[in-house]
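Novice: Please read through the structure below; I'll follow up with questions.
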Amino acid sequence: MAVITYRQALHDTLREEMLRDEDVFLIGEEIGVFEGSYKITAGLLKEFGEKRVRDTPIAEEGFVGAAVGAAMLGLRPVVELMTINFSLIALDQIVNHAAKIYGMFGGQTSVPMVMRTPGGGGQQLGATHSQNIELYYAFVPGLKVVAPSTPADAKALLLASIRDNDPVLFLENLALYNTKGEVPDVVEPAEIGKAKVTREGTDITIIGYSRMALVAHQVAEKLHAEEGINAEVVDLRSLRPLDRQTIVDSVRKTGCAVVAEDDWLTYGIGAEIAASISDGAFDYLDAPVRRVAAAEVPLPYAKPLERAALPSAESLTTAIHQTLDAVGRRR
Amino acid sequence: MAVITYRQALHDTLREEMLRDEDVFLIGEEIGVFEGSYKITAGLLKEFGEKRVRDTPIAEEGFVGAAVGAAMLGLRPVVELMTINFSLIALDQIVNHAAKIYGMFGGQTSVPMVMRTPGGGGQQLGATHSQNIELYYAFVPGLKVVAPSTPADAKALLLASIRDNDPVLFLENLALYNTKGEVPDVVEPAEIGKAKVTREGTDITIIGYSRMALVAHQVAEKLHAEEGINAEVVDLRSLRPLDRQTIVDSVRKTGCAVVAEDDWLTYGIGAEIAASISDGAFDYLDAPVRRVAAAEVPLPYAKPLERAALPSAESLTTAIHQTLDAVGRRR
Amino acid sequence: MATTATRSKPSTRSTAKSRRGSGAVRGSGGGSFAGESPELLQDYFHEMTLIRRFEERAAQGYTQAKIGGYCHLNLGEEATVVGLMRALRKTDLLFTNYREHGYAIAKGIEPGRVMAELYGRTTGTSKGWGGSMHMFDVESGLLGGYGIVGGQIPLATGAALAIDYRSGDQVVMCQMGDGTTNIGAFHESLNIAALWNLPVVFVVINNQLGMGTTVDKSSAEPELFKRASAYKMPGERVDGNDVLAVRDAATRLVEQARNGGGPALLECVSERLKGHSVVDPAKYRSEESVERAKQADPIANFRAQLIEAGVLDEDTAAEIERKAQAEADAAVAFADDSPHPDPSTLFDYTYATPVANDSRRLPADPVF
Amino acid sequence: MATTATRSKPSTRSTAKSRRGSGAVRGSGGGSFAGESPELLQDYFHEMTLIRRFEERAAQGYTQAKIGGYCHLNLGEEATVVGLMRALRKTDLLFTNYREHGYAIAKGIEPGRVMAELYGRTTGTSKGWGGSMHMFDVESGLLGGYGIVGGQIPLATGAALAIDYRSGDQVVMCQMGDGTTNIGAFHESLNIAALWNLPVVFVVINNQLGMGTTVDKSSAEPELFKRASAYKMPGERVDGNDVLAVRDAATRLVEQARNGGGPALLECVSERLKGHSVVDPAKYRSEESVERAKQADPIANFRAQLIEAGVLDEDTAAEIERKAQAEADAAVAFADDSPHPDPSTLFDYTYATPVANDSRRLPADPVF
Ligand SMILES: Cc1ncc(C[n+]2csc(CCOP(=O)(O)OP(=O)(O)O)c2C)c(N)n1
Ligand SMILES: Cc1ncc(C[n+]2csc(CCOP(=O)(O)OP(=O)(O)O)c2C)c(N)n1
Ligand SMILES: [Mg+2]
Ligand SMILES: [Mg+2]
């Protein structure tokens with residue numbers, strides 16, 4: 001068991017999988033000579049050479065599509081999309097090709113590829129570089145979408161994603177790269193499609209994924225320490241498929257829930273979580289499911305504006321307090 | 001008052017707006033010489049010439065982006081995207097540029113443009129040509145998204161969209177083009193952002209948009225005629241902004257609701273509708289909000305498979321029956 | 001990579017000339033069929049005719065509502081189709097656009113399975129999941145017809161990358177239309193292919209029309225093969241109505257790619273005999289252009305030339321045509337007799353690796 | 001449109017030569033500054049120096065956490081920036097990428113407002129909403145810096161379309177980096193611009209690096225100006241370290257576009273003095289390449305040449321440098337003194353036309 005960063009967990013896993021399987025290779029912008037915009041791939045070009053670590057031109061549609069084509073022939077490309085914002089340029093290749101090829105041709109060829117990409121705001125990168133648009137992938141049958149929040153899950157889910165025979169969108173987050181956590185010495189691939197209860201509790205269910213799952217966990221611990229509130233935390237880990245049962249089981253126990261998400265509220269990931277809770281725990285719910293999400297604006301650059309627009313531990317705490325008040329469970 | 005098709009309503013409105021305002025021009029693939037893939041623009045090239053009706057190369061990113069740039073200078077381009085599936089190629093220009101330019105530059109230039117595009121399955125066009133991905137636009141602050149279901153609304157909303165100073169995604173549907181309805185001789189622009197109760201009722205609320213709003217209305221009429229069920233039908237008309245108040249007011253009255261949508265269920269438009277109903281009518285709801293949506297598969301070509309996968313009057317009727325059963329209101 | 005080498009074809013092979021029809025001396029090695037095996041020439045004639053008959057039956061099936069969706073035919077492009085496919089080995093890989101029925105047949109798929117796909121049957125090339133635009137067959141090396149304009153180009157480039165990665169000796173051919181050279185994916189992919197010296201030959205079928213848009217209204221450089229120079233890639237233009245010219249040019253470029261010479265762009269100038277798809281009456285087309293297309297009919301001309309050269313006589317020609325018709329008819333019969341997919345199979349192909357909590361909900365099913 | 005005209009510059013203006021530094025005879029009309037007004041030359045020197053000083057202060061502000069996000073500087077590209085901007089009229093329109101501080105200044109925006117944008121203040125060019133990558137000013141004709149690689153190219157093309165639509169006499173200049181020529185938007189837009197003969201000049205700043213990727217690792221045709229020929233568009237290469245050469249080439253192409261001659265592609269070969277952005281230590285860069293960039297420093301060389309030619313003496317040069325420094329410092333002071341935007345303005349710029357039911361919810365607000 002070692003304590004390492006999320007970045008390190010990703011790096012180590014890529015390296016190990018490349019050592020394990022010759023068919024695994026990395027492809028993306030600035031992942032080789034530059035060692036990755038966020039340095040996930042540092043050192044790998046030197047170790048594996050240009051064949052296995054392929055710097056591409058700035059051509060997201062072209063190189064993502066090339067990865068799809070290579071995967072059709074059985075290679076296992078791991079694509080780095082520098083940030084999820086740039087993935088829009090590749091969306092046709094992902095949604096109309098990677099996600100469709102298995103079904104559209106009647107199951108004759110699969111597309112075993114991983115697309116790693118960070119989302120997230122809060123770095124003053126402005127409206128076009130701060131988005132959380134995982135919804136665009138989570139919505140699409142044929143894709144799998146995972147969104148780990150801890151180094152251990154990052155490792156277990158990246159292993160699973162690389163070994164999976166379907167296209168997997170692997171969501172990272174700029175704010176998670178430097179976070180640390182324990183990672184076992186031997187990690188088994190996680191089961192894609194399963195959420196995890198990362199903290200058991202009885203007062204309220206907090207549901208999150210990626211960065212907000214971590215924030216949710218921290219808020220829950222703090223509420224427990226400071227106010228004796230005993231919140232259950234569900235880390236979705238997989239956005240497609242969505243593990244509704246784990247969410248609903250928790251809410252059937254607690255009777256109320258708050259969803260914490262980094263994306264925009266209307267039509268965001270949280271909408272499905274809230275709707276599913278209503279579907280599966282209707283008779284158990286004591287208050288509407290609250291959603292804490294980003295303000296619906298093109299995210300401004302200036303710090304005071306950006307801060308006001310993004311969800312945080314504070315806004316999550318407010319929503320939890322208000323929900324507990326509504327169900328009369330505030331201590 | 002005349003009874004005309006949805007296609008005719010679009011065509012007439014485009015023509016009238018072009019006559020009214022020199023700055024309005026049409027741009028898109030095959031809209032001129034070919035007269036439009038779905039013939040909405042038939043005759044307009046002949047009437048207005050190449051300057052006002054501009055056939056483009058197959059280059060969705062290029063010509064949509066060019067329309068954005070032209071709109072920044074005050075022209076009012078009306079873009080035709082042949083089907084919404086092809087809009088993925090232009091998504092970066094729409095989401096990262098059209099939707100952001102007003103906010104990102106502090107309100108210095110607006111982008112008065114309309115993107116008309118049909119969605120819809122059911123024509124055996126296969127997985128890549130049958131999608132309902134309006135969610136990709138409805139999710140984005142800075143865009144407005146309208147989705148009329150009748151010729152009269154098509155006209156009123158297209159007028160409003162063309163005269164609006166923001167980028168508007170105007171959703172059409174392959175299955176609506178030949179549908180007919182009454183259109184007043186003089187049509188005022190509709191107010192974007194407002195839903196409409198197209199049928200008053202007290203037993204249940206059915207919510208739809210675009211094709212499924214029409215299906216919902218037909219189903220409601222049939223249920224009334226055959227079973228005496230008195231359903232209220234809400235046609236969303238605008239997906240962004242979303243008129244939650246009209247939906248919630250209806251459900252507060254009826255106590256139960258079914259959402260009818262052509263897109264995939266998980267994370268689809270209906271998820272937000274269901275979540276919002278829970279938010280705004282929690283204490284009035286007698287059963288979970290049912291969603292009738294497409295099966296989550298890459299849509300197959302073969303008719304029996306396609307038919308099984310898509311929502312219809314039959315599946316909507318089933319869901320309404322089951323919901324009324326659940327609340328004990330089936331007659 | 002060497003410097004730009006955009007060679008245009010010698011004038012005996014130029015479009016202008018052979019487009020005028022059978023009167024022109026066609027130039028396979030100097031006006032005759034010198035050096036060509038008569039069997040092979042008959043075989044080409046047969047295959048071109050089979051594709052013609054097949055497409056006519058497809059159009060008919062569409063009118064009878066046996067076929068749905070969009071249906072784009074290879075009518076008029078048979079010489080190109082057959083010439084290109086003869087340059088490939090069975091193990092070579094082909095990516096095409098949606099106008100691919102003829103390619104499927106010429107790459108070696110049973111016509112019955114191609115028609116069955118159009119009919120949406122389980123015996124079809126994609127088990128009825130793909131339809132006209134989405135044929136696929138691993139064994140024949142057809143790695144897909146694709147309906148999104150340009151969508152096949154990055155994929156084909158990636159397949160070539162995989163071949164290169166594994167030091168294989170296959171070559172990828174990537175077919176597309178003239179209108180498709182204006183989309184971003186074309187540019188990004190040709191650059192990548194050239195940069196990495198991948199074994200892929202890009203082939204542009206220049207039928208001079210997108211849907212109704214002429215090539216000069218859509219491409220600022222309408223001599224499309226010249227676009228290869230933006231990637232320091234060899235580019236060539238060939239008369240797409242001349243099956244041997246197409247075969248020879250394609251073979252040369254395919255073998256060059258196979259031998260490490262890198263990618264190339266081949267433009268085949270041809271004519272679309274009918275509308276963009278079965279439902280398009282092509283009213284926008286000038287009489288002159290329709291007439292020109294008719295005159296250029298590669299099958300009629302090839303037939304006449306083969307007869308003139310003594311490779312065929314009328315009887316043999318008619319016999320081949322009867323055979324082709326019978327094969328097309330048999331394909332229809334096979335398709336018509338094949339089963340429709342069962343709705344219970346709807347969730348069979350969402351994922352290759354089964355996954356927890358996958359949705360298998362029909363429209364009327366509740367979430368819980 | 002005429003046939004392809006890709007002209008490479010005469011060798012006196014070639015990169016190789018003037019890159020060696022001040023020793024080379026630079027060729028504005030034959031080795032001297034013949035015909036140039038000394039005031040103008042001093043003005044260029046001042047503006048280049050101002051941009052240098054400004055960028056140094058920007059880097060400092062970033063280190064002090066006064067500036068956030070990404071911050072890309074024009075260090076080393078000052079001759080290109082000034083040369084290009086002097087080819088434009090005030091009413092001409094400019095679209096750039098995210099590396100645009102210098103352009104904003106040279107197009108006529110007060111340095112204080114540019115710095116204020118970096119500081120995220122209401123007095124900034126985008127009222128603090130845009131930051132380093134997203135400057136905008138209608139009055140100066142800067143229609144935006146854009147952070148998405150290639151995103152500005154379709155927009156610039158569309159602006160040119162609007163000018164053409166209204167028969168205006170403006171010209172659009174669209175700036176981009178070398179790495180950007182590989183993205184689809186480049187291809188689609190150049191084709192459209194050429195097809196419709198629009199008044200737009202595309203300018204590639206070839207600093208020979210994407211982030212860490214060299215131009216020959218990203219472009220199969222590294223002589224980027226040659227790519228214009230794929231659109232039958234004139235393409236030229238110029239020494240980006242030579243402010244006069246840049247100005248002259250750009251002026252010629254801009255005026256050509258203004259007079260109905262259509263679009264063109266101008267490649268300015270230059271050097272990036274520092275990392276890709278302020279935080280990039282550029283460890284991947286070879287010593288030789290760093291040294292070459294230093295030697296090519298367009299400001300040091302221009303200064304030496306102006307002194308050698310008697311246009312400047314040491315005192316005047318130093319005076320100009322002091323002035324530039326003072327202006328950069330004043331810009332910082334202005335920025336620092338300017339107000340931060342108030343969080344209550346968060347919903348001010350989502351829509352230009354107010355709309356019913358617009359969401360104005362903060363993260364902690366309930367839906368109802
Ligand atoms: C991205 C995209 N845009 C538009 C279309 C609609 N469309 C289908 S075929 C076609 C014309 C293609 O012309 P060309 O490339 O010349 O091929 P051809 O049909 O002549 O074989 C168009 C515009 C599409 N399928 N995909
Ligand atoms: C679509 C997209 N992909 C990737 C990036 C990340 N990125 C920002 S700048 C850059 C390099 C651009 O190089 P070049 O065009 O040469 O411009 P330079 O920075 O040298 O001025 C990259 C890859 C982006 N902003 N947008
Ligand atoms: Mg064509
Ligand atoms: Mg560069």
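Residue numbering restarts at 1 for every chain of the structure tokens, chains are lettered A, B, ... in their displayed order, and ligands are numbered from 1 as they appear.
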As a PyMOL selection string, please: all residues of stretch 94-217 of chain D that backbone DSSP puts in alpha helix (DSSP H).

Specialist: chain D and resi 101-106+111-118+152-165+184-195+215-217

Novice: Kindly work out which residues sit at most 9 Å from ligand 3, using only C-alpha atoms and all ligand atoms, and give the list as a list in words.

Specialist: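 The residues within 9 Å of ligand 3, counting only C-alpha atoms and all ligand atoms, are Met176, Gly177, Asp178, Gly179, Thr180, Val204, Ile205, Asn206, Asn207, Gln208, Leu209, Gly210, Met211, Gly212, Thr213, Thr214, Val215, Glu271, Arg272 and His276 of chain C.
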
Novice: May I ask for the distance between atom CA of D:Asp337 and atom CA of A:Pro300, given in Å to one decimal place?

Specialist: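 Calculated distance between atom CA of D:Asp337 and atom CA of A:Pro300 is 20.1 Å.
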
Novice: Give me the residues within 8 Å of stretch 16-24 of chain B as a list in words, counting only C-alpha atoms and dropping any in the same chain fewer than 3 places off.

Specialist: Asp12, Thr13, Arg52, Gly74, Leu75, Arg76, Pro77, Val78, Leu159 and Ile162 of chain B

Novice: Would you list which chain B residues are within 7 Å of chain D using only C-alpha atoms, as a PyMOL selection string?

Specialist: chain B and resi 59+61-62+65-70+73+75+93+102-107+110+141-142+164-166+192-194+241-243+279-280

Novice: Those residues with C-alpha atoms, as an mmCIF file, in the first residue's frame please?

Specialist:
```
data_model
loop_
_atom_site.group_PDB
_atom_site.id
_atom_site.type_symbol
_atom_site.label_atom_id
_atom_site.label_comp_id
_atom_site.auth_asym_id
_atom_site.auth_seq_id
_atom_site.Cartn_x
_atom_site.Cartn_y
_atom_site.Cartn_z
ATOM 1 C CA ALA B 59 -17.840 21.134 -44.455
ATOM 2 C CA GLU B 61 -17.503 22.961 -39.223
ATOM 3 C CA GLY B 62 -16.425 25.416 -41.871
ATOM 4 C CA GLY B 65 -18.366 28.651 -38.255
ATOM 5 C CA ALA B 66 -18.593 30.998 -41.221
ATOM 6 C CA ALA B 67 -22.196 31.682 -40.308
ATOM 7 C CA VAL B 68 -21.098 32.479 -36.751
ATOM 8 C CA GLY B 69 -18.506 34.908 -38.084
ATOM 9 C CA ALA B 70 -21.029 36.537 -40.412
ATOM 10 C CA LEU B 73 -20.886 41.306 -38.088
ATOM 11 C CA LEU B 75 -25.920 39.409 -40.625
ATOM 12 C CA GLN B 93 -18.134 25.941 -33.635
ATOM 13 C CA TYR B 102 -21.298 36.871 -26.373
ATOM 14 C CA GLY B 103 -20.271 36.031 -22.820
ATOM 15 C CA MET B 104 -16.581 35.352 -23.309
ATOM 16 C CA PHE B 105 -15.970 38.808 -24.704
ATOM 17 C CA GLY B 106 -18.078 40.523 -22.084
ATOM 18 C CA GLY B 107 -21.162 41.133 -24.197
ATOM 19 C CA SER B 110 -23.866 38.932 -30.256
ATOM 20 C CA PRO B 141 -25.844 28.099 -21.753
ATOM 21 C CA GLY B 142 -25.603 30.732 -24.456
ATOM 22 C CA ASP B 164 -33.456 36.894 -31.873
ATOM 23 C CA ASN B 165 -29.922 38.139 -31.335
ATOM 24 C CA ASP B 166 -28.610 34.858 -29.954
ATOM 25 C CA ILE B 192 -38.871 31.720 -26.840
ATOM 26 C CA GLY B 193 -38.587 29.929 -23.513
ATOM 27 C CA LYS B 194 -42.291 29.248 -23.071
ATOM 28 C CA PRO B 241 -34.597 27.889 -21.634
ATOM 29 C CA LEU B 242 -36.890 25.304 -20.124
ATOM 30 C CA ASP B 243 -40.270 26.476 -18.895
ATOM 31 C CA ASP B 279 -38.313 19.733 -7.607
ATOM 32 C CA GLY B 280 -41.453 21.772 -8.156
#
```

Novice: Quick one: residues within 9 Å of stretch 280-287 of chain D, only C-alpha atoms counted, chain neighbours fewer than 2 positions away excluded, as a PyMOL selection string?

Specialist: (chain A and resi 33-35) or (chain D and resi 211-212+274-278+289-292)

Novice: Could those selected residues go to a file with N, CA and C atoms, as an mmCIF file, in the first residue's frame?

Specialist:
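Okay, this is what ended up in result_11.cif:
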```cif
data_model
loop_
_atom_site.group_PDB
_atom_site.id
_atom_site.type_symbol
_atom_site.label_atom_id
_atom_site.label_comp_id
_atom_site.auth_asym_id
_atom_site.auth_seq_id
_atom_site.Cartn_x
_atom_site.Cartn_y
_atom_site.Cartn_z
ATOM 1 N N VAL A 33 7.253 14.034 -26.539
ATOM 2 C CA VAL A 33 8.338 14.987 -26.331
ATOM 3 C C VAL A 33 8.007 15.970 -25.201
ATOM 4 N N PHE A 34 6.785 16.447 -25.185
ATOM 5 C CA PHE A 34 6.339 17.427 -24.180
ATOM 6 C C PHE A 34 5.982 16.734 -22.864
ATOM 7 N N GLU A 35 5.847 15.450 -22.895
ATOM 8 C CA GLU A 35 5.516 14.600 -21.739
ATOM 9 C C GLU A 35 4.107 14.804 -21.197
ATOM 10 N N MET D 211 3.224 22.879 -29.212
ATOM 11 C CA MET D 211 3.664 23.143 -27.843
ATOM 12 C C MET D 211 5.128 22.701 -27.786
ATOM 13 N N GLY D 212 5.337 21.362 -27.859
ATOM 14 C CA GLY D 212 6.709 20.876 -27.954
ATOM 15 C C GLY D 212 6.968 20.150 -29.263
ATOM 16 N N LYS D 274 10.526 31.778 -25.659
ATOM 17 C CA LYS D 274 10.355 31.073 -24.382
ATOM 18 C C LYS D 274 9.464 29.851 -24.563
ATOM 19 N N GLY D 275 8.919 29.372 -23.458
ATOM 20 C CA GLY D 275 8.048 28.202 -23.515
ATOM 21 C C GLY D 275 6.727 28.492 -24.214
ATOM 22 N N HIS D 276 5.947 27.420 -24.389
ATOM 23 C CA HIS D 276 4.661 27.566 -25.047
ATOM 24 C C HIS D 276 3.764 28.559 -24.301
ATOM 25 N N SER D 277 3.729 28.426 -23.010
ATOM 26 C CA SER D 277 3.033 29.414 -22.189
ATOM 27 C C SER D 277 3.941 29.724 -21.006
ATOM 28 N N VAL D 278 3.524 30.648 -20.180
ATOM 29 C CA VAL D 278 4.396 31.111 -19.101
ATOM 30 C C VAL D 278 4.895 29.964 -18.204
ATOM 31 N N SER D 289 18.373 24.969 -30.762
ATOM 32 C CA SER D 289 17.167 25.686 -31.151
ATOM 33 C C SER D 289 16.970 26.922 -30.282
ATOM 34 N N VAL D 290 17.304 26.801 -29.008
ATOM 35 C CA VAL D 290 17.194 27.961 -28.117
ATOM 36 C C VAL D 290 18.191 29.034 -28.545
ATOM 37 N N GLU D 291 19.363 28.609 -28.862
ATOM 38 C CA GLU D 291 20.415 29.534 -29.286
ATOM 39 C C GLU D 291 20.014 30.226 -30.589
ATOM 40 N N ARG D 292 19.471 29.455 -31.502
ATOM 41 C CA ARG D 292 19.040 29.992 -32.782
ATOM 42 C C ARG D 292 17.975 31.058 -32.571
#
```

Novice: Show me a table, sorted first by chain and then by increasing residue number, of the residues of chain B having an atom at most 10 Å from ligand 1, each with its shortest atom pair and the distance in Å to one decimal, counting only C-alpha atoms and all ligand atoms and written as JSON lines.

Specialist:
```
{"residue": "B:Gly28", "atom": "CA", "partner": "ligand 1", "partner_atom_place_in_ligand_line": "23 (C)", "distance": 9.8}
{"residue": "B:Glu29", "atom": "CA", "partner": "ligand 1", "partner_atom_place_in_ligand_line": "23 (C)", "distance": 6.3}
{"residue": "B:Glu30", "atom": "CA", "partner": "ligand 1", "partner_atom_place_in_ligand_line": "23 (C)", "distance": 7.1}
{"residue": "B:Ser37", "atom": "CA", "partner": "ligand 1", "partner_atom_place_in_ligand_line": "6 (C)", "distance": 8.4}
{"residue": "B:Thr56", "atom": "CA", "partner": "ligand 1", "partner_atom_place_in_ligand_line": "23 (C)", "distance": 9.5}
{"residue": "B:Pro57", "atom": "CA", "partner": "ligand 1", "partner_atom_place_in_ligand_line": "23 (C)", "distance": 8.1}
{"residue": "B:Ile58", "atom": "CA", "partner": "ligand 1", "partner_atom_place_in_ligand_line": "23 (C)", "distance": 5.7}
{"residue": "B:Ala59", "atom": "CA", "partner": "ligand 1", "partner_atom_place_in_ligand_line": "3 (N)", "distance": 7.2}
{"residue": "B:Glu60", "atom": "CA", "partner": "ligand 1", "partner_atom_place_in_ligand_line": "1 (C)", "distance": 6.8}
{"residue": "B:Glu61", "atom": "CA", "partner": "ligand 1", "partner_atom_place_in_ligand_line": "1 (C)", "distance": 9.4}
{"residue": "B:Leu81", "atom": "CA", "partner": "ligand 1", "partner_atom_place_in_ligand_line": "4 (C)", "distance": 8.1}
{"residue": "B:Met82", "atom": "CA", "partner": "ligand 1", "partner_atom_place_in_ligand_line": "4 (C)", "distance": 6.4}
{"residue": "B:Thr83", "atom": "CA", "partner": "ligand 1", "partner_atom_place_in_ligand_line": "4 (C)", "distance": 7.8}
{"residue": "B:Ile84", "atom": "CA", "partner": "ligand 1", "partner_atom_place_in_ligand_line": "3 (N)", "distance": 9.8}
{"residue": "B:Asn85", "atom": "CA", "partner": "ligand 1", "partner_atom_place_in_ligand_line": "1 (C)", "distance": 7.9}
{"residue": "B:Phe86", "atom": "CA", "partner": "ligand 1", "partner_atom_place_in_ligand_line": "1 (C)", "distance": 4.7}
{"residue": "B:Ser87", "atom": "CA", "partner": "ligand 1", "partner_atom_place_in_ligand_line": "1 (C)", "distance": 7.7}
{"residue": "B:Leu88", "atom": "CA", "partner": "ligand 1", "partner_atom_place_in_ligand_line": "1 (C)", "distance": 8.3}
{"residue": "B:Ile89", "atom": "CA", "partner": "ligand 1", "partner_atom_place_in_ligand_line": "1 (C)", "distance": 6.7}
{"residue": "B:Ala90", "atom": "CA", "partner": "ligand 1", "partner_atom_place_in_ligand_line": "1 (C)", "distance": 9.2}
{"residue": "B:Thr128", "atom": "CA", "partner": "ligand 1", "partner_atom_place_in_ligand_line": "25 (N)", "distance": 9.1}
{"residue": "B:His129", "atom": "CA", "partner": "ligand 1", "partner_atom_place_in_ligand_line": "25 (N)", "distance": 7.9}
```

Novice: Using DSSP on the backbone coordinates, identify all residues within stretch 80-282 of chain A classified as strand (DSSP E); present the result as an MDAnalysis selection string.

Specialist: chainID A and resid 80 114:119 144:146 168:173 180:183 196:199 204:208 231:235 238:240 257:264

Novice: Enter the distance from atom CA of D:Val332 to atom CA of D:Glu319, in Å, rounded to one decimal.

Specialist: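 One can read the atom CA of D:Val332 to atom CA of D:Glu319 distance as 20.0 Å.
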
Novice: Just need the residues of chain A within 6 Å of chain B, counting only C-alpha atoms, so spit them out as a ChimeraX atom specification.

Specialist: /A:88-89,92,96,100,128,139,141,267,271-272,274-275,278-279,288,296-298

Novice: Mind dumping the selected residues with N, CA, C and O atoms as a short mmCIF file (atom, residue, chain, number, x, y, z; two decimals), in the first residue's frame?

Specialist:
```cif
data_model
loop_
_atom_site.label_atom_id
_atom_site.label_comp_id
_atom_site.auth_asym_id
_atom_site.auth_seq_id
_atom_site.Cartn_x
_atom_site.Cartn_y
_atom_site.Cartn_z
N LEU A 88 -14.72 17.89 -28.49
CA LEU A 88 -15.86 18.21 -29.36
C LEU A 88 -15.48 18.04 -30.82
O LEU A 88 -16.31 17.66 -31.65
N ILE A 89 -14.24 18.35 -31.13
CA ILE A 89 -13.79 18.26 -32.51
C ILE A 89 -13.76 16.80 -32.98
O ILE A 89 -13.90 16.51 -34.16
N ASP A 92 -17.73 13.45 -33.67
CA ASP A 92 -18.31 12.60 -34.71
C ASP A 92 -17.61 11.25 -34.75
O ASP A 92 -18.26 10.21 -34.90
N ASN A 96 -20.45 8.84 -33.61
CA ASN A 96 -20.97 8.20 -34.84
C ASN A 96 -20.12 7.03 -35.31
O ASN A 96 -20.53 6.28 -36.19
N LYS A 100 -20.70 3.30 -32.54
CA LYS A 100 -21.68 2.64 -33.41
C LYS A 100 -21.15 1.40 -34.11
O LYS A 100 -21.94 0.57 -34.57
N THR A 128 -14.28 28.44 -22.82
CA THR A 128 -14.13 27.28 -23.72
C THR A 128 -13.20 26.21 -23.16
O THR A 128 -13.09 25.14 -23.74
N PHE A 139 -24.41 9.93 -22.47
CA PHE A 139 -25.71 9.80 -23.13
C PHE A 139 -25.71 8.73 -24.21
O PHE A 139 -26.77 8.30 -24.67
N PRO A 141 -25.34 5.22 -26.02
CA PRO A 141 -25.22 3.76 -26.00
C PRO A 141 -24.07 3.32 -26.91
O PRO A 141 -23.88 3.89 -27.98
N TYR A 267 -30.34 19.64 -17.49
CA TYR A 267 -29.95 18.51 -18.34
C TYR A 267 -28.61 17.89 -17.95
O TYR A 267 -28.10 17.02 -18.67
N ALA A 271 -29.52 15.43 -13.32
CA ALA A 271 -30.93 15.30 -13.66
C ALA A 271 -31.32 13.83 -13.71
O ALA A 271 -32.36 13.42 -13.18
N GLU A 272 -30.48 13.02 -14.33
CA GLU A 272 -30.78 11.58 -14.40
C GLU A 272 -30.72 10.95 -13.02
O GLU A 272 -31.53 10.07 -12.69
N ALA A 274 -31.38 12.38 -10.16
CA ALA A 274 -32.59 12.79 -9.45
C ALA A 274 -33.81 12.04 -9.99
O ALA A 274 -34.63 11.54 -9.21
N ALA A 275 -33.91 11.96 -11.32
CA ALA A 275 -35.06 11.27 -11.90
C ALA A 275 -35.05 9.79 -11.50
O ALA A 275 -36.09 9.21 -11.19
N SER A 278 -36.22 9.26 -8.04
CA SER A 278 -37.67 9.34 -7.99
C SER A 278 -38.29 8.05 -8.52
O SER A 278 -39.26 7.54 -7.97
N ASP A 279 -37.68 7.50 -9.57
CA ASP A 279 -38.18 6.23 -10.12
C ASP A 279 -38.08 5.09 -9.12
O ASP A 279 -38.99 4.27 -9.01
N PRO A 288 -37.49 16.70 -2.14
CA PRO A 288 -36.93 16.62 -3.50
C PRO A 288 -35.42 16.43 -3.44
O PRO A 288 -34.77 16.89 -2.50
N GLU A 296 -25.45 28.40 -14.89
CA GLU A 296 -25.57 28.18 -16.34
C GLU A 296 -25.16 29.41 -17.14
O GLU A 296 -25.99 30.12 -17.70
N VAL A 297 -23.87 29.61 -17.19
CA VAL A 297 -23.27 30.72 -17.94
C VAL A 297 -22.01 30.20 -18.62
O VAL A 297 -21.42 29.22 -18.17
N PRO A 298 -21.60 30.87 -19.71
CA PRO A 298 -20.25 30.60 -20.23
C PRO A 298 -19.27 31.05 -19.14
O PRO A 298 -19.31 32.21 -18.73
#
```

Novice: One decimal, Å: what's the distance from atom CA of D:Val114 over to atom CA of D:Glu78, could you say?

Specialist: 16.1 Å

Novice: Pick out the residues sitting within 7 Å of stretch 54-65 of chain C, and hand them over as a ChimeraX atom specification; count only C-alpha atoms, and ignore anything fewer than 5 positions along from it in its own chain.

Specialist: /C:73-75,278,328
